[in-house]
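Some notes on the structure that comes next.
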Amino acid sequence: MKYFSNITLLFLTILLLVGCFEKKNSPQHSSVKEKLILDLSGRWKFSLGDDAGWNDKKFDDSKWEKINVPSSWENQGFHGYDGYAWYRTSFKLSSDIKEKDIYLVLGYVDDVDQTYINGNLIGVSGGFPNNYRTAYNAFRKYYIPKEYLSKDGENVIAVRIYDDELDGGIMSGKIGLYTYEGGFEPDVNLSGLWEFSIFDDSLFLKENDTEAKSIKLMVPAHWDVQGYQDYDGFGWYKKSFYLPNDFPNESMILLLGKIDDIDQTYVNGILVGSTGKWNFENVPTDFNSSEEYLTNRVYSVPQKLLKFGKENSIVVRVYDGFRNGGIYDGQIGLITQDNYKNHFKK
């Protein structure tokens, strides 16, 4: 593995100049309450087999079976079946939730899933054959980007599942759509699919240089339940986002939740925050000495680093030294410094 040796002391100096915030058990989560806004438990459409077209919103599933969610398919007439199967259901958004940040909770799925909204992939847990990795013990909570939702019509959820042995399906949990109340509501929500690579290479910082060697991974969620079980070492995350010209032209706060174990974080190629001990060659010298994996990452992003009316990028270099790894918990996004400060005045 190639060590990231060519980011020099210059970036550490820049870090001191732009400043950063590191807050263990940050108040960003202290008053956040998760609220169920639509219960999706009950009868879903169901079919054994596997067809890429079954994620399409317009696919005709009228002849499919109906089974209960949550519950294993073995308990509903498909005893002993191991392999691929799909679930589908639909919902409409009420007027009071159309502008909220919405998360789909599928609870626990046995073993592997890909989840779609209106044909758009919003979540992956585990690894499908030929790189099979079970994720039966991973809790599924997937952010739904607003641009994927139909505000006035039907929205279709399609879940592709692979079960390797024993019970299979959407097994347990309070299945539904959720939002957060209280705490911080990011002005730019960055939860969802990020580019990811385990190659420790500074080229990941460059624009348009990730396609050949990266895959899509969900954030927040441990990489261990997304095909990298028991992997310890480096992992790179990258997310591109657009800031409109009319967006408040001010400095912002980057919320990255909790990262297991330590990280270096860049906005548009410039280091804005770091947690953990790194030497001058940017190699970890220690990890978990202060339980960094429990620290909420809250980093300052100066206005001069942001590109308004253009694409921006966030790159997070993570080192995991033990057990689970990656950006795994919390609200992920950007919030203006004014909104960040105003939260504490309430």
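Letters A, B, ... go to the chains of the structure tokens in the order shown; residues in each chain start at 1; ligands are counted from 1 in the same order.
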I'd like the neighbourhood of stretch 214-221 of chain A as a compact mmCIF listing (two decimals) with all heavy atoms, in the first residue's frame, where a residue qualifies if any of its atoms comes within 7 Å (using only C-alpha atoms), though same-chain residues fewer than 6 positions away should be ignored.
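Contents of out_30.txt, freshly written:
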# COMPACT_ATOMS: atom_id res chain seq x y z
N GLY A 123 -28.72 3.14 -0.86
CA GLY A 123 -28.03 2.43 0.19
C GLY A 123 -27.58 1.05 -0.20
O GLY A 123 -28.23 0.37 -1.00
N VAL A 124 -26.43 0.65 0.36
CA VAL A 124 -25.87 -0.69 0.16
C VAL A 124 -25.30 -1.16 1.49
O VAL A 124 -24.59 -0.41 2.15
CB VAL A 124 -24.74 -0.69 -0.89
CG1 VAL A 124 -24.18 -2.10 -1.05
CG2 VAL A 124 -25.22 -0.14 -2.22
N SER A 191 -25.09 13.32 3.65
CA SER A 191 -25.29 11.89 3.87
C SER A 191 -25.59 11.22 2.54
O SER A 191 -26.09 11.85 1.61
CB SER A 191 -26.47 11.66 4.83
OG SER A 191 -26.24 12.25 6.08
N GLY A 192 -25.33 9.93 2.47
CA GLY A 192 -25.65 9.20 1.25
C GLY A 192 -24.43 8.51 0.67
O GLY A 192 -23.51 8.11 1.39
N LEU A 193 -24.41 8.36 -0.64
CA LEU A 193 -23.34 7.64 -1.32
C LEU A 193 -22.12 8.52 -1.54
O LEU A 193 -22.24 9.63 -2.07
CB LEU A 193 -23.84 7.10 -2.66
CG LEU A 193 -24.92 6.03 -2.56
CD1 LEU A 193 -25.51 5.74 -3.93
CD2 LEU A 193 -24.36 4.74 -1.97
N TRP A 194 -20.96 8.04 -1.13
CA TRP A 194 -19.68 8.71 -1.35
C TRP A 194 -18.78 7.78 -2.17
O TRP A 194 -18.94 6.56 -2.16
CB TRP A 194 -18.98 9.00 -0.02
CG TRP A 194 -19.57 10.10 0.81
CD1 TRP A 194 -20.87 10.28 1.16
CD2 TRP A 194 -18.85 11.16 1.44
NE1 TRP A 194 -21.01 11.38 1.96
CE2 TRP A 194 -19.79 11.94 2.15
CE3 TRP A 194 -17.50 11.53 1.49
CZ2 TRP A 194 -19.42 13.07 2.88
CZ3 TRP A 194 -17.13 12.65 2.22
CH2 TRP A 194 -18.09 13.41 2.90
N GLU A 195 -17.82 8.40 -2.87
CA GLU A 195 -16.75 7.60 -3.48
C GLU A 195 -15.86 7.06 -2.38
O GLU A 195 -15.61 7.74 -1.37
CB GLU A 195 -15.91 8.46 -4.43
CG GLU A 195 -16.68 9.07 -5.58
CD GLU A 195 -16.98 8.07 -6.68
OE1 GLU A 195 -16.35 7.00 -6.69
OE2 GLU A 195 -17.85 8.37 -7.52
N PHE A 196 -15.34 5.83 -2.56
CA PHE A 196 -14.52 5.22 -1.52
C PHE A 196 -13.43 4.38 -2.15
O PHE A 196 -13.64 3.72 -3.17
CB PHE A 196 -15.37 4.33 -0.61
CG PHE A 196 -14.59 3.62 0.46
CD1 PHE A 196 -14.18 4.29 1.59
CD2 PHE A 196 -14.25 2.28 0.31
CE1 PHE A 196 -13.45 3.63 2.58
CE2 PHE A 196 -13.53 1.61 1.28
CZ PHE A 196 -13.13 2.29 2.43
N SER A 197 -12.25 4.39 -1.52
CA SER A 197 -11.14 3.58 -1.98
C SER A 197 -10.25 3.22 -0.80
O SER A 197 -10.08 4.02 0.13
CB SER A 197 -10.31 4.33 -3.02
OG SER A 197 -9.14 3.58 -3.37
N ILE A 327 -16.54 6.40 8.38
CA ILE A 327 -17.45 7.45 8.85
C ILE A 327 -18.77 6.75 9.17
O ILE A 327 -19.49 6.33 8.27
CB ILE A 327 -17.66 8.52 7.77
CG1 ILE A 327 -16.32 9.07 7.27
CG2 ILE A 327 -18.53 9.66 8.29
CD1 ILE A 327 -16.44 9.98 6.06
N TYR A 328 -19.09 6.63 10.47
CA TYR A 328 -20.10 5.64 10.81
C TYR A 328 -21.34 6.16 11.53
O TYR A 328 -22.33 5.43 11.66
CB TYR A 328 -19.48 4.52 11.64
CG TYR A 328 -19.12 4.91 13.07
CD1 TYR A 328 -20.01 4.65 14.12
CD2 TYR A 328 -17.90 5.49 13.39
CE1 TYR A 328 -19.69 4.98 15.43
CE2 TYR A 328 -17.57 5.81 14.68
CZ TYR A 328 -18.47 5.56 15.71
OH TYR A 328 -18.15 5.90 17.00
N ASP A 329 -21.36 7.40 12.01
CA ASP A 329 -22.52 7.81 12.80
C ASP A 329 -22.64 9.33 12.83
O ASP A 329 -21.64 10.04 12.83
CB ASP A 329 -22.40 7.29 14.24
CG ASP A 329 -23.61 7.65 15.09
OD1 ASP A 329 -24.72 7.21 14.74
OD2 ASP A 329 -23.45 8.37 16.09
N GLY A 330 -23.89 9.82 12.87
CA GLY A 330 -24.13 11.24 13.05
C GLY A 330 -24.62 11.94 11.79
O GLY A 330 -24.71 11.34 10.72
Identify, on the basis of only C-alpha atoms, every residue whose closest approach to A:Phe128 does not exceed 8 Å; exclude the query and any residue fewer than 4 positions from it along the same chain; express the result as a list in words. Val112, Tyr132, Arg133 and Tyr162 of chain A
Skip A:Glu291 itself and residues of its chain fewer than 2 positions away, then list as an NGL selection string all residues within 12 Å of it, counting only C-alpha atoms. :A and (24-25 or 258-262 or 275-277 or 286-289 or 293-296 or 321-322)
Keeping only N, CA and C atoms, write the selected residues to a file as a CSV table (one decimal), in the first residue's frame.
chain,number,residue,atom,x,y,z
A,24,LYS,N,-15.2,16.4,21.5
A,24,LYS,CA,-15.6,15.0,21.9
A,24,LYS,C,-17.0,15.1,22.4
A,25,ASN,N,-17.8,14.1,21.9
A,25,ASN,CA,-19.2,14.1,22.3
A,25,ASN,C,-19.9,15.5,22.1
A,258,LYS,N,-19.1,10.8,13.7
A,258,LYS,CA,-18.0,10.0,14.3
A,258,LYS,C,-17.3,9.2,13.2
A,259,ILE,N,-16.0,9.1,13.4
A,259,ILE,CA,-15.1,8.4,12.4
A,259,ILE,C,-14.3,7.4,13.2
A,260,ASP,N,-14.2,6.2,12.7
A,260,ASP,CA,-13.4,5.2,13.4
A,260,ASP,C,-12.2,4.8,12.5
A,261,ASP,N,-10.9,5.2,12.9
A,261,ASP,CA,-10.5,5.7,14.1
A,261,ASP,C,-10.2,7.2,14.0
A,262,ILE,N,-9.2,7.5,13.1
A,262,ILE,CA,-8.7,8.9,13.0
A,262,ILE,C,-8.8,9.4,11.5
A,275,THR,N,-8.1,14.7,13.2
A,275,THR,CA,-8.2,14.1,14.5
A,275,THR,C,-7.3,12.9,14.6
A,276,GLY,N,-6.6,12.8,15.7
A,276,GLY,CA,-5.6,11.8,15.9
A,276,GLY,C,-4.2,12.2,15.8
A,277,LYS,N,-3.2,11.4,16.0
A,277,LYS,CA,-1.8,11.7,16.0
A,277,LYS,C,-1.2,11.2,14.6
A,286,ASP,N,-0.3,7.0,16.3
A,286,ASP,CA,-1.1,6.3,17.4
A,286,ASP,C,-2.5,6.5,17.0
A,287,PHE,N,-3.3,5.6,17.6
A,287,PHE,CA,-4.8,5.7,17.4
A,287,PHE,C,-5.5,5.1,18.6
A,288,ASN,N,-6.7,5.6,18.9
A,288,ASN,CA,-7.5,5.1,19.9
A,288,ASN,C,-7.0,5.4,21.3
A,289,SER,N,-5.9,6.2,21.4
A,289,SER,CA,-5.4,6.5,22.7
A,289,SER,C,-6.3,7.4,23.5
A,293,TYR,N,-12.6,7.5,18.1
A,293,TYR,CA,-13.7,7.0,17.4
A,293,TYR,C,-15.0,7.5,18.0
A,294,LEU,N,-15.0,8.0,19.2
A,294,LEU,CA,-16.2,8.6,19.8
A,294,LEU,C,-16.3,10.1,19.6
A,295,THR,N,-15.3,10.7,19.0
A,295,THR,CA,-15.3,12.1,18.8
A,295,THR,C,-16.1,12.6,17.6
A,296,ASN,N,-17.1,13.5,17.8
A,296,ASN,CA,-17.8,14.1,16.7
A,296,ASN,C,-16.9,15.1,16.0
A,321,GLY,N,-7.5,1.3,12.9
A,321,GLY,CA,-6.5,0.3,13.4
A,321,GLY,C,-7.0,-0.9,14.0
A,322,PHE,N,-8.3,-0.9,14.3
A,322,PHE,CA,-8.9,-2.0,15.1
A,322,PHE,C,-10.4,-2.1,14.8
Write out as a ChimeraX atom specification each polymer residue whose atoms come within 8 Å of stretch 114-119 of chain A, counting only C-alpha atoms; drop sequence neighbours fewer than 4 positions from it. /A:55-57,123-125,144,148-149,155-161
Output all heavy atoms of each residue in that selection to a file, as a short mmCIF file (atom, residue, chain, number, x, y, z; two decimals), in the first residue's frame.
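result-v3.cif written:
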data_model
loop_
_atom_site.label_atom_id
_atom_site.label_comp_id
_atom_site.auth_asym_id
_atom_site.auth_seq_id
_atom_site.Cartn_x
_atom_site.Cartn_y
_atom_site.Cartn_z
N ASN A 55 -35.83 -2.43 -10.15
CA ASN A 55 -35.70 -1.19 -9.38
C ASN A 55 -36.42 -0.01 -10.03
O ASN A 55 -36.54 1.06 -9.44
CB ASN A 55 -34.23 -0.84 -9.13
CG ASN A 55 -33.49 -0.43 -10.40
OD1 ASN A 55 -34.08 -0.20 -11.46
ND2 ASN A 55 -32.17 -0.33 -10.31
N ASP A 56 -36.90 -0.20 -11.24
CA ASP A 56 -37.53 0.88 -12.01
C ASP A 56 -38.86 1.28 -11.39
O ASP A 56 -39.70 0.42 -11.07
CB ASP A 56 -37.75 0.42 -13.45
CG ASP A 56 -38.07 1.57 -14.39
OD1 ASP A 56 -38.77 2.52 -13.98
OD2 ASP A 56 -37.62 1.52 -15.56
N LYS A 57 -39.07 2.57 -11.24
CA LYS A 57 -40.31 3.07 -10.66
C LYS A 57 -41.52 2.61 -11.46
O LYS A 57 -42.59 2.33 -10.90
CB LYS A 57 -40.27 4.60 -10.60
CG LYS A 57 -41.53 5.23 -10.03
CD LYS A 57 -41.42 6.74 -9.98
CE LYS A 57 -42.70 7.36 -9.40
NZ LYS A 57 -42.59 8.84 -9.31
N GLY A 123 -28.72 3.14 -0.86
CA GLY A 123 -28.03 2.43 0.19
C GLY A 123 -27.58 1.05 -0.20
O GLY A 123 -28.23 0.37 -1.00
N VAL A 124 -26.43 0.65 0.36
CA VAL A 124 -25.87 -0.69 0.16
C VAL A 124 -25.30 -1.16 1.49
O VAL A 124 -24.59 -0.41 2.15
CB VAL A 124 -24.74 -0.69 -0.89
CG1 VAL A 124 -24.18 -2.10 -1.05
CG2 VAL A 124 -25.22 -0.14 -2.22
N SER A 125 -25.62 -2.37 1.89
CA SER A 125 -24.99 -2.96 3.07
C SER A 125 -24.63 -4.40 2.74
O SER A 125 -25.45 -5.17 2.23
CB SER A 125 -25.93 -2.92 4.27
OG SER A 125 -26.15 -1.60 4.71
N ILE A 144 -32.33 9.91 2.09
CA ILE A 144 -32.94 10.02 0.77
C ILE A 144 -32.72 11.43 0.24
O ILE A 144 -33.32 12.39 0.75
CB ILE A 144 -34.46 9.73 0.82
CG1 ILE A 144 -34.74 8.38 1.48
CG2 ILE A 144 -35.04 9.77 -0.59
CD1 ILE A 144 -36.21 8.09 1.67
N TYR A 148 -34.29 12.95 -5.39
CA TYR A 148 -34.78 11.63 -5.79
C TYR A 148 -36.27 11.45 -5.52
O TYR A 148 -36.87 10.46 -5.94
CB TYR A 148 -34.02 10.53 -5.04
CG TYR A 148 -32.57 10.36 -5.43
CD1 TYR A 148 -31.74 9.50 -4.72
CD2 TYR A 148 -32.02 11.04 -6.51
CE1 TYR A 148 -30.40 9.32 -5.06
CE2 TYR A 148 -30.69 10.89 -6.85
CZ TYR A 148 -29.88 10.03 -6.12
OH TYR A 148 -28.56 9.85 -6.45
N LEU A 149 -36.88 12.37 -4.79
CA LEU A 149 -38.25 12.22 -4.35
C LEU A 149 -39.24 12.93 -5.27
O LEU A 149 -38.95 14.02 -5.78
CB LEU A 149 -38.41 12.76 -2.93
CG LEU A 149 -37.73 11.95 -1.82
CD1 LEU A 149 -37.70 12.74 -0.53
CD2 LEU A 149 -38.46 10.62 -1.61
N ASN A 155 -43.93 7.56 -4.73
CA ASN A 155 -42.52 7.23 -4.62
C ASN A 155 -42.41 5.73 -4.40
O ASN A 155 -43.16 5.16 -3.59
CB ASN A 155 -41.89 7.98 -3.44
CG ASN A 155 -41.81 9.47 -3.67
OD1 ASN A 155 -40.87 9.96 -4.28
ND2 ASN A 155 -42.80 10.20 -3.18
N VAL A 156 -41.50 5.10 -5.12
CA VAL A 156 -41.38 3.64 -5.07
C VAL A 156 -40.06 3.25 -4.43
O VAL A 156 -38.99 3.71 -4.84
CB VAL A 156 -41.48 3.02 -6.48
CG1 VAL A 156 -41.22 1.52 -6.42
CG2 VAL A 156 -42.84 3.30 -7.08
N ILE A 157 -40.15 2.40 -3.41
CA ILE A 157 -38.98 1.80 -2.77
C ILE A 157 -38.81 0.40 -3.33
O ILE A 157 -39.76 -0.38 -3.38
CB ILE A 157 -39.16 1.71 -1.24
CG1 ILE A 157 -39.37 3.09 -0.64
CG2 ILE A 157 -37.94 1.03 -0.61
CD1 ILE A 157 -39.80 3.03 0.82
N ALA A 158 -37.61 0.08 -3.78
CA ALA A 158 -37.28 -1.26 -4.25
C ALA A 158 -36.03 -1.73 -3.51
O ALA A 158 -35.04 -1.01 -3.46
CB ALA A 158 -37.06 -1.28 -5.76
N VAL A 159 -36.10 -2.93 -2.94
CA VAL A 159 -34.98 -3.46 -2.16
C VAL A 159 -34.57 -4.81 -2.74
O VAL A 159 -35.36 -5.76 -2.76
CB VAL A 159 -35.36 -3.62 -0.68
CG1 VAL A 159 -34.14 -4.06 0.13
CG2 VAL A 159 -35.94 -2.33 -0.11
N ARG A 160 -33.35 -4.87 -3.20
CA ARG A 160 -32.76 -6.12 -3.71
C ARG A 160 -32.00 -6.78 -2.56
O ARG A 160 -31.15 -6.16 -1.91
CB ARG A 160 -31.80 -5.82 -4.85
CG ARG A 160 -31.11 -7.03 -5.45
CD ARG A 160 -29.97 -6.60 -6.35
NE ARG A 160 -29.37 -7.71 -7.08
CZ ARG A 160 -28.09 -7.78 -7.42
NH1 ARG A 160 -27.26 -6.76 -7.12
NH2 ARG A 160 -27.62 -8.81 -8.09
N ILE A 161 -32.29 -8.06 -2.31
CA ILE A 161 -31.70 -8.76 -1.17
C ILE A 161 -31.08 -10.08 -1.63
O ILE A 161 -31.64 -10.77 -2.49
CB ILE A 161 -32.77 -9.03 -0.08
CG1 ILE A 161 -33.23 -7.70 0.53
CG2 ILE A 161 -32.22 -9.96 1.01
CD1 ILE A 161 -34.35 -7.85 1.53
#
Residues within 9 Å of stretch 75-85 of chain A, please, as a list of chain:residue names. Count only C-alpha atoms; anything in the same chain fewer than 2 positions from it doesn't count.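 Counting only the stated atoms, we get A:Phe46, A:Ser47, A:Leu48, A:Gly49, A:Asp50, A:Ile67, A:Asn68, A:Ser71, A:Ser72, A:Trp73, A:Tyr87, A:Val159, A:Arg160, A:Ile161, A:Tyr162, A:Asp163, A:Asp164, A:Glu165, A:Leu166, A:Asp167, A:Gly168, A:Gly169.
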If you run DSSP over the backbone, which residues in stretch 18-266 of chain A end up strand (DSSP E)? Put them as JSON, numbers by chain. {"A": [21, 22, 23, 24, 33, 34, 35, 36, 37, 38, 39, 42, 43, 44, 45, 46, 47, 48, 65, 66, 67, 68, 69, 83, 84, 85, 86, 87, 88, 89, 90, 91, 102, 103, 104, 105, 106, 107, 108, 109, 110, 112, 113, 114, 115, 116, 117, 120, 121, 122, 123, 124, 125, 139, 140, 141, 142, 143, 144, 155, 156, 157, 158, 159, 160, 161, 162, 163, 169, 170, 171, 172, 176, 177, 178, 179, 180, 181, 188, 189, 192, 193, 194, 195, 196, 197, 215, 216, 217, 218, 219, 233, 234, 235, 236, 237, 238, 239, 240, 241, 242, 243, 252, 253, 254, 255, 256, 257, 258, 259, 260, 262, 263, 264, 265, 266]}
A:Arg317, A:Leu38, A:Gly273, A:Leu203: which is nearest A:Asp96, counting only C-alpha atoms?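 For A:Asp96, the nearest of the candidates is A:Leu38.
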What lies within 8 Å of stretch 238-253 of chain A using only C-alpha atoms, ignoring chain neighbours under 2 positions off, as a list in words?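 Returned residues: Leu190, Trp194, Glu195, Phe196, Phe204, Trp236, Leu255, Val298, Tyr299, Ser300, Val301, Pro302, Gln303, Lys304, Lys307, Phe308, Gly309, Lys310, Glu311, Asn312, Ser313, Ile314, Val315, Val316, Leu334, Ile335, Thr336, Gln337 and Tyr340 of chain A.
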Find the residues around A:Leu40 up to 9 Å (only C-alpha atoms counted), leave out those fewer than 5 positions away in its own chain, and share them as number ranges by chain. A: 69, 89-91, 174-177
May I have the residues from that selection written out with C-alpha atoms, as a CSV table (one decimal), in the first residue's frame?
chain,number,residue,atom,x,y,z
A,69,VAL,CA,-42.4,-6.5,6.5
A,89,THR,CA,-43.7,-0.6,-1.9
A,90,SER,CA,-44.8,2.9,-2.5
A,91,PHE,CA,-45.7,6.0,-0.6
A,174,LYS,CA,-39.5,-0.1,13.0
A,175,ILE,CA,-39.6,0.2,9.3
A,176,GLY,CA,-40.5,3.7,8.0
A,177,LEU,CA,-39.5,7.2,7.0
Coordinates-based distance that separates atom CA of A:Asp224 from atom CA of A:Glu34 (Å, one decimal):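 Spanning atom CA of A:Glu34 to atom CA of A:Asp224 is a straight-line distance of 24.7 Å.
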